[in-house]
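Asks: Take this structure first; my questions come after.
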Amino acid sequence: MARSVPTFTGPVDGDELGITLIHEHVFVTDPELDVNMPHPEWDEQACIERAVQTLSSLHERGVRTVVDLTVIGLGRDVRRVAEVAARVPVQIVAATGCYAASVLPPYFRLNGPGLVVDGPDPLVDLFIGDIERGIAGTQVRAGMIKIASDVSGLTPDVERVFAAAATAHLRTDVPITTHSDAAARGGIAQQDELERLGVPLDRVVIGHSGDSLDLSYLRGLADRGSYLGFDRFGMDHVGRDADRIRMLLALLDAGYVDRLVLSHDAAVFSRVTPPSWRAAHVPNWHMGHLFDSVLPQLRAAGLDDATAHQLMVVNPRRVLAGGA
């Protein structure tokens, strides 16, 4: 039985999540840079209006839920996103976590068990507080935990984030999703560490798995129970959609339909890859791309309605709400 899932506008029954984009961002910013070196393309009110338009257009394409994986390290501001959520017909799920693919911010490096400022790990308090009490003093509770490792692997700081995420998951059962480096087969070490920490691997999404061209690697991850995030469609600067589609079809043919989730990792505004750069270099990297281009290509290759429903509705619901 699917449980309810917290969203910006209140809890939603898992059976009401509908078509879900499970790995997206509304606004990716850098608060310190934004104060000291404002980005010329950032206009808060204009970006809010653009977000309202973008998410409303997704509803017209059939989308009912979007998971915003913007966490600490990516400029999360739930009050800003709440303004958007109040005006759009889609449900937005917030995330907790820390995007530190190698080194934690100085505060976390100095505060915690056995550190300069000895005491409980503030990462644990942050993650659990976001899930159980609400994010940044609001009533918006997190419905997913986002963590990261990259080409440098599980550094000591990354291991600490994974441990805090595991503690939060084991207390709350909120699922974990990762940023992984597919080229380095980074999902294996992520699974090893989370499994060592007691996290059931079927409550984990190995993000960016769709960047891999190694079918044996992907099958190995799925065989251990995790979901594979084919979550960068349109992200042409890190890989071709043709390759992502080819690998996805191979996994479907091999029987892994229940282990796959689709998304874009796109943003309405990102300081890291601003709108002008995206328009010039990756024009397909937007939240409508799956529906405008990728799913039609998959259907032309034989994808039926039941499989599309499994990928876009059933699997994300099982991740977010649990249950069969």
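Letters A, B, ... mark the chains of the structure tokens in the order given; residue numbers begin at 1 per chain; ligand numbers begin at 1, in order shown.
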Find the residues near Val28 of chain A: any atom within 9 Å, counting only C-alpha atoms, skip ones fewer than 3 places away on the same chain, and give them as JSON, numbers by chain.
Replies: {"A": [25, 70, 74, 75, 76, 267, 268, 269, 270, 271, 272]}
Asks: Using only all heavy atoms, please write the residues we just selected to a file, as a PDB file, in the first residue's frame.
Replies:
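Printed below is selection_1.pdb as written:
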ATOM      1  N   HIS A  25      15.284  20.224 -11.073  1.00  0.00           N
ATOM      2  CA  HIS A  25      15.596  21.375 -10.216  1.00  0.00           C
ATOM      3  C   HIS A  25      14.758  22.561 -10.675  1.00  0.00           C
ATOM      4  O   HIS A  25      14.579  22.758 -11.876  1.00  0.00           O
ATOM      5  CB  HIS A  25      17.076  21.746 -10.311  1.00  0.00           C
ATOM      6  CG  HIS A  25      18.008  20.645  -9.909  1.00  0.00           C
ATOM      7  ND1 HIS A  25      18.342  20.407  -8.589  1.00  0.00           N
ATOM      8  CD2 HIS A  25      18.654  19.710 -10.641  1.00  0.00           C
ATOM      9  CE1 HIS A  25      19.171  19.372  -8.539  1.00  0.00           C
ATOM     10  NE2 HIS A  25      19.370  18.926  -9.769  1.00  0.00           N
ATOM     11  N   THR A  70      17.071  20.017  -5.438  1.00  0.00           N
ATOM     12  CA  THR A  70      17.975  21.095  -5.035  1.00  0.00           C
ATOM     13  C   THR A  70      18.142  21.055  -3.518  1.00  0.00           C
ATOM     14  O   THR A  70      17.190  21.252  -2.770  1.00  0.00           O
ATOM     15  CB  THR A  70      17.410  22.458  -5.466  1.00  0.00           C
ATOM     16  OG1 THR A  70      17.044  22.390  -6.849  1.00  0.00           O
ATOM     17  CG2 THR A  70      18.441  23.551  -5.267  1.00  0.00           C
ATOM     18  N   LEU A  74      23.490  23.509  -3.520  1.00  0.00           N
ATOM     19  CA  LEU A  74      22.937  23.914  -4.814  1.00  0.00           C
ATOM     20  C   LEU A  74      22.037  25.147  -4.699  1.00  0.00           C
ATOM     21  O   LEU A  74      21.378  25.516  -5.661  1.00  0.00           O
ATOM     22  CB  LEU A  74      22.147  22.753  -5.434  1.00  0.00           C
ATOM     23  CG  LEU A  74      22.973  21.509  -5.803  1.00  0.00           C
ATOM     24  CD1 LEU A  74      22.051  20.379  -6.247  1.00  0.00           C
ATOM     25  CD2 LEU A  74      23.992  21.825  -6.887  1.00  0.00           C
ATOM     26  N   GLY A  75      22.030  25.758  -3.517  1.00  0.00           N
ATOM     27  CA  GLY A  75      21.279  27.004  -3.359  1.00  0.00           C
ATOM     28  C   GLY A  75      19.811  26.809  -3.054  1.00  0.00           C
ATOM     29  O   GLY A  75      18.978  27.620  -3.469  1.00  0.00           O
ATOM     30  N   ARG A  76      19.465  25.786  -2.296  1.00  0.00           N
ATOM     31  CA  ARG A  76      18.053  25.534  -1.986  1.00  0.00           C
ATOM     32  C   ARG A  76      17.425  26.713  -1.252  1.00  0.00           C
ATOM     33  O   ARG A  76      17.991  27.236  -0.293  1.00  0.00           O
ATOM     34  CB  ARG A  76      17.932  24.278  -1.124  1.00  0.00           C
ATOM     35  CG  ARG A  76      16.491  23.886  -0.812  1.00  0.00           C
ATOM     36  CD  ARG A  76      16.417  22.660   0.088  1.00  0.00           C
ATOM     37  NE  ARG A  76      16.912  22.927   1.433  1.00  0.00           N
ATOM     38  CZ  ARG A  76      16.901  22.030   2.423  1.00  0.00           C
ATOM     39  NH1 ARG A  76      16.458  20.807   2.195  1.00  0.00           N
ATOM     40  NH2 ARG A  76      17.358  22.343   3.620  1.00  0.00           N
ATOM     41  N   ALA A 267      16.754  22.471 -15.071  1.00  0.00           N
ATOM     42  CA  ALA A 267      16.409  23.538 -14.135  1.00  0.00           C
ATOM     43  C   ALA A 267      15.756  24.679 -14.896  1.00  0.00           C
ATOM     44  O   ALA A 267      16.070  24.913 -16.069  1.00  0.00           O
ATOM     45  CB  ALA A 267      17.652  24.047 -13.407  1.00  0.00           C
ATOM     46  N   VAL A 268      14.867  25.381 -14.214  1.00  0.00           N
ATOM     47  CA  VAL A 268      14.320  26.599 -14.801  1.00  0.00           C
ATOM     48  C   VAL A 268      15.408  27.661 -14.893  1.00  0.00           C
ATOM     49  O   VAL A 268      15.557  28.337 -15.910  1.00  0.00           O
ATOM     50  CB  VAL A 268      13.130  27.107 -13.976  1.00  0.00           C
ATOM     51  CG1 VAL A 268      12.618  28.435 -14.530  1.00  0.00           C
ATOM     52  CG2 VAL A 268      12.010  26.065 -13.965  1.00  0.00           C
ATOM     53  N   PHE A 269      16.188  27.796 -13.831  1.00  0.00           N
ATOM     54  CA  PHE A 269      17.373  28.661 -13.837  1.00  0.00           C
ATOM     55  C   PHE A 269      18.480  27.960 -13.070  1.00  0.00           C
ATOM     56  O   PHE A 269      18.263  27.454 -11.977  1.00  0.00           O
ATOM     57  CB  PHE A 269      17.104  30.016 -13.183  1.00  0.00           C
ATOM     58  CG  PHE A 269      18.347  30.877 -13.105  1.00  0.00           C
ATOM     59  CD1 PHE A 269      18.671  31.739 -14.143  1.00  0.00           C
ATOM     60  CD2 PHE A 269      19.215  30.794 -12.011  1.00  0.00           C
ATOM     61  CE1 PHE A 269      19.837  32.500 -14.093  1.00  0.00           C
ATOM     62  CE2 PHE A 269      20.377  31.557 -11.962  1.00  0.00           C
ATOM     63  CZ  PHE A 269      20.686  32.414 -13.005  1.00  0.00           C
ATOM     64  N   SER A 270      19.664  27.941 -13.650  1.00  0.00           N
ATOM     65  CA  SER A 270      20.842  27.425 -12.965  1.00  0.00           C
ATOM     66  C   SER A 270      21.983  28.405 -13.140  1.00  0.00           C
ATOM     67  O   SER A 270      22.336  28.763 -14.270  1.00  0.00           O
ATOM     68  CB  SER A 270      21.254  26.064 -13.527  1.00  0.00           C
ATOM     69  OG  SER A 270      22.502  25.667 -12.985  1.00  0.00           O
ATOM     70  N   ARG A 271      22.546  28.829 -12.025  1.00  0.00           N
ATOM     71  CA  ARG A 271      23.707  29.719 -12.110  1.00  0.00           C
ATOM     72  C   ARG A 271      24.888  29.001 -12.756  1.00  0.00           C
ATOM     73  O   ARG A 271      25.692  29.620 -13.460  1.00  0.00           O
ATOM     74  CB  ARG A 271      24.082  30.196 -10.709  1.00  0.00           C
ATOM     75  CG  ARG A 271      25.399  30.953 -10.705  1.00  0.00           C
ATOM     76  CD  ARG A 271      25.478  32.040  -9.696  1.00  0.00           C
ATOM     77  NE  ARG A 271      26.596  32.904 -10.044  1.00  0.00           N
ATOM     78  CZ  ARG A 271      26.724  34.159  -9.653  1.00  0.00           C
ATOM     79  NH1 ARG A 271      25.795  34.715  -8.919  1.00  0.00           N
ATOM     80  NH2 ARG A 271      27.774  34.871  -9.994  1.00  0.00           N
ATOM     81  N   VAL A 272      25.013  27.706 -12.548  1.00  0.00           N
ATOM     82  CA  VAL A 272      26.149  26.950 -13.059  1.00  0.00           C
ATOM     83  C   VAL A 272      26.122  26.877 -14.586  1.00  0.00           C
ATOM     84  O   VAL A 272      27.148  27.029 -15.252  1.00  0.00           O
ATOM     85  CB  VAL A 272      26.152  25.533 -12.452  1.00  0.00           C
ATOM     86  CG1 VAL A 272      27.361  24.746 -12.935  1.00  0.00           C
ATOM     87  CG2 VAL A 272      26.145  25.604 -10.931  1.00  0.00           C
TER      88      VAL A 272
END
Asks: What's the 12 Å shell around Pro40 of chain A, counting only C-alpha atoms, without same-chain residues fewer than 3 positions away, as a ChimeraX atom specification?
Replies: /A:33-34,37,43-44,271,274-276
Asks: Would you output that residue set with C-alpha atoms, as an mmCIF file, in the first residue's frame?
Replies:
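As a result, out-v7.cif now contains:
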data_model
loop_
_atom_site.group_PDB
_atom_site.id
_atom_site.type_symbol
_atom_site.label_atom_id
_atom_site.label_comp_id
_atom_site.auth_asym_id
_atom_site.auth_seq_id
_atom_site.Cartn_x
_atom_site.Cartn_y
_atom_site.Cartn_z
ATOM 1 C CA LEU A 33 28.061 34.504 -5.159
ATOM 2 C CA ASP A 34 24.582 35.924 -5.659
ATOM 3 C CA MET A 37 28.733 38.744 -7.791
ATOM 4 C CA ASP A 43 15.897 38.274 -11.988
ATOM 5 C CA GLU A 44 14.034 36.633 -9.146
ATOM 6 C CA ARG A 271 23.707 29.719 -12.110
ATOM 7 C CA PRO A 274 22.739 29.782 -17.156
ATOM 8 C CA PRO A 275 19.848 30.112 -19.619
ATOM 9 C CA SER A 276 21.872 31.777 -22.391
#
Asks: Just checking: using only C-alpha atoms, which residue out of A:Gly62, A:Gly97, A:Gly229, A:Gly18 ends up closest to Phe291 of chain A?
Replies: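 Checking each candidate against Phe291 of chain A, we get A:Gly62 as the closest.
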Asks: Extract, using only C-alpha atoms, all DNA, RNA and protein residues at most 9 Å from segment 46-48 of chain A, discarding same-chain residues fewer than 3 positions from it, and format them as number ranges by chain.
Replies: A: 27, 42-43, 51-53, 80-81, 83-84, 268-269
Asks: Given the choices A:Ala242, A:Val257, A:Leu58, A:Ala189, which gets closest to Val158 of chain A if the distance is worked out from only C-alpha atoms?
Replies: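 Ranking A:Ala242, A:Val257, A:Leu58, A:Ala189 by distance to Val158 of chain A, first place goes to A:Ala189.
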Asks: What are the closest atom pairs, with distances in Å to one decimal, for all residues of segment 4-72 of chain A lying within 12 Å of segment 202-225 of chain A? Consider only C-alpha atoms, order rows by chain and residue number, and present the result as JSON lines.
Replies:
{"residue": "A:Ile22", "atom": "CA", "partner": "A:Val205", "partner_atom": "CA", "distance": 9.8}
{"residue": "A:His23", "atom": "CA", "partner": "A:Gly207", "partner_atom": "CA", "distance": 8.3}
{"residue": "A:Glu24", "atom": "CA", "partner": "A:Gly207", "partner_atom": "CA", "distance": 11.4}
{"residue": "A:Leu69", "atom": "CA", "partner": "A:Gly207", "partner_atom": "CA", "distance": 11.1}
Asks: Those residues you just picked out, can you put them in a file as a tab-separated table (two decimals), in the first residue's frame with N, CA and C atoms?
Replies:
chain	number	residue	atom	x	y	z
A	22	ILE	N	11.34	12.57	-11.60
A	22	ILE	CA	11.89	12.27	-10.28
A	22	ILE	C	13.23	12.93	-10.01
A	23	HIS	N	13.80	13.62	-11.01
A	23	HIS	CA	15.11	14.25	-10.79
A	23	HIS	C	15.18	15.54	-11.59
A	24	GLU	N	14.70	16.63	-10.98
A	24	GLU	CA	14.72	17.95	-11.62
A	24	GLU	C	15.14	19.01	-10.59
A	69	LEU	N	15.32	18.25	-6.62
A	69	LEU	CA	16.45	17.72	-5.86
A	69	LEU	C	17.49	18.78	-5.52
Asks: From the DSSP assignment of the backbone, select every residue of segment 131-165 of chain A that is strand (DSSP E), and format the answer as a VMD selection string.
Replies: chain A and resid 142 to 148
Asks: Hey, what's within 9 Å of Ala166 of chain A if we count only C-alpha atoms and toss same-chain stuff fewer than 2 positions away? As a list in words, please?
Replies: Val161, Phe162, Ala163, Ala164, Ala168, His169, Leu170, Arg171, Ile176, Leu194, Leu197, Gly198 and Val199 of chain A
